[in-house]
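**Student:** Here it is, the structure in full.
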Amino acid sequence: MDINLTEYYWELKGYTYEEISGLTGIPMDTIRKIFGGKPEFPDYETLKALEKALKPWVYESEVRETSAYQAEKKSYTLEDYYGLPDDRRVELIDGKIYDMAAPTTGHQEVILRVSRQIADYIDSQKGKCRVWIAPVDVRLDRDDKTMVQPDVLIVCDKDKITRRCIMGAPDFVMEILSESTRSKDMYLKLRKYGAAGVREYWMADIERRKVVVYYFEKDSRPAIYGMREKIPVGIFGGGLQIDFRMVEKALEDIGQ
């Protein structure tokens, strides 16, 4: 984990300098230098201690599933998923059902601005990949226990595209983080996407204007970018760079 990622995770946790010092054993003066106006780059051991204290992974039990359905059964299948009312958006992950709140206008701006750049690039290259936006069902593990709806996804294997859903792991997934989905996206779905064979996973944090990117084919550690940057799409070898300056401007225009 690099210092930029450390700062981002510290912001997520909301700890004071004193609390970080107590959790890590690092002197408070050092903490102030690392996160203060004139940052000091920490040595390896200090960085590892900060990572252990600040890394935002949560236990799976902390990720909330919808109580109305989960109270009825301990494990659900695709039969239950397809049996829900059409106006109820949920995801099924490892036999548990999770409610999905209606997206905000900012959420939709990010999806549309990013997916448009991806589609334009694919068309310009006469590529075989396809970009999709939610809601589209993805039968991630090809079993009857999991069905997810990523915000943006790219599929390059046409055999995975069926009339009803995407069958198997997309090549690329982006999720827009919100308070209600942050734990699920940053822990549960991160693990699921990596294990299923997703090649690249982006998490866009509108509130903090950050994008956390996992290039699973290259490194298990994420890269972190600001929303004033062009971010390379790894599955295209960096030939496509998503211009998040356009995304940020759109968010500012609507007051988000």
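Letters A, B, ... mark the chains of the structure tokens in the order given; residue numbers begin at 1 per chain; ligand numbers begin at 1, in order shown.
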Segment 232-237 of chain A: which residues within 7 Å, counting only C-alpha atoms, same-chain residues fewer than 4 positions away excluded, as an NGL selection string?
**Tutor:** :A and (215 or 241-242)
**Student:** Please list as an NGL selection string every residue within 9 Å of segment 145-156 of chain A, counting only C-alpha atoms and excluding residues in the same chain fewer than 4 positions away.
**Tutor:** :A and (75-78 or 81 or 90-96 or 111-112 or 114-115 or 118 or 127-141 or 160-161 or 166 or 169-176 or 189)
**Student:** Which of segment 46-209 of chain A end up as helix (DSSP H, G or I) when DSSP is run on this backbone - answer as a ChimeraX atom specification?
**Tutor:** /A:46-54,60-62,67-70,78-83,105-124,158-160,182-196
**Student:** With a distance cut-off of 7 Å and only C-alpha atoms, select the neighbouring residues of segment 247-254 of chain A, excluding the residue or stretch itself and same-chain residues fewer than 2 positions from it, and output the selection as number ranges by chain.
**Tutor:** A: 106, 109-110, 113, 227, 244-245, 256
**Student:** Excluding same-chain residues fewer than 3 positions from Leu50 of chain A, what lies within 9 Å of it counting only C-alpha atoms, as JSON, numbers by chain?
**Tutor:** {"A": [6, 10, 20, 23, 24, 26, 45, 46, 47, 53, 54, 55]}
**Student:** What does the file look like for those residues with C-alpha atoms, as a tab-separated table (two decimals), in the first residue's frame?
**Tutor:**
chain	number	residue	atom	x	y	z
A	6	THR	CA	-2.90	5.12	3.17
A	10	TRP	CA	-7.37	7.10	6.89
A	20	ILE	CA	-3.89	6.16	14.79
A	23	LEU	CA	-3.55	1.62	17.10
A	24	THR	CA	-0.12	1.48	15.46
A	26	ILE	CA	3.76	5.09	15.90
A	45	GLU	CA	7.66	-0.97	8.83
A	46	THR	CA	5.70	2.23	9.50
A	47	LEU	CA	3.75	1.80	6.28
A	53	ALA	CA	-4.71	-0.33	11.17
A	54	LEU	CA	-6.34	1.53	8.30
A	55	LYS	CA	-7.10	-1.04	5.63
**Student:** Which residue is closest to Met167 of chain A? Choose from A:Asp29, A:Arg191, A:Ala196, A:Asp185 and count only C-alpha atoms.
**Tutor:** A:Ala196
**Student:** Using Å and a single decimal, report how far atom CA of Gly36 of chain A sits from atom CA of Thr16 of chain A.
**Tutor:**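 Calculated distance between atom CA of Thr16 of chain A and atom CA of Gly36 of chain A is 12.0 Å.
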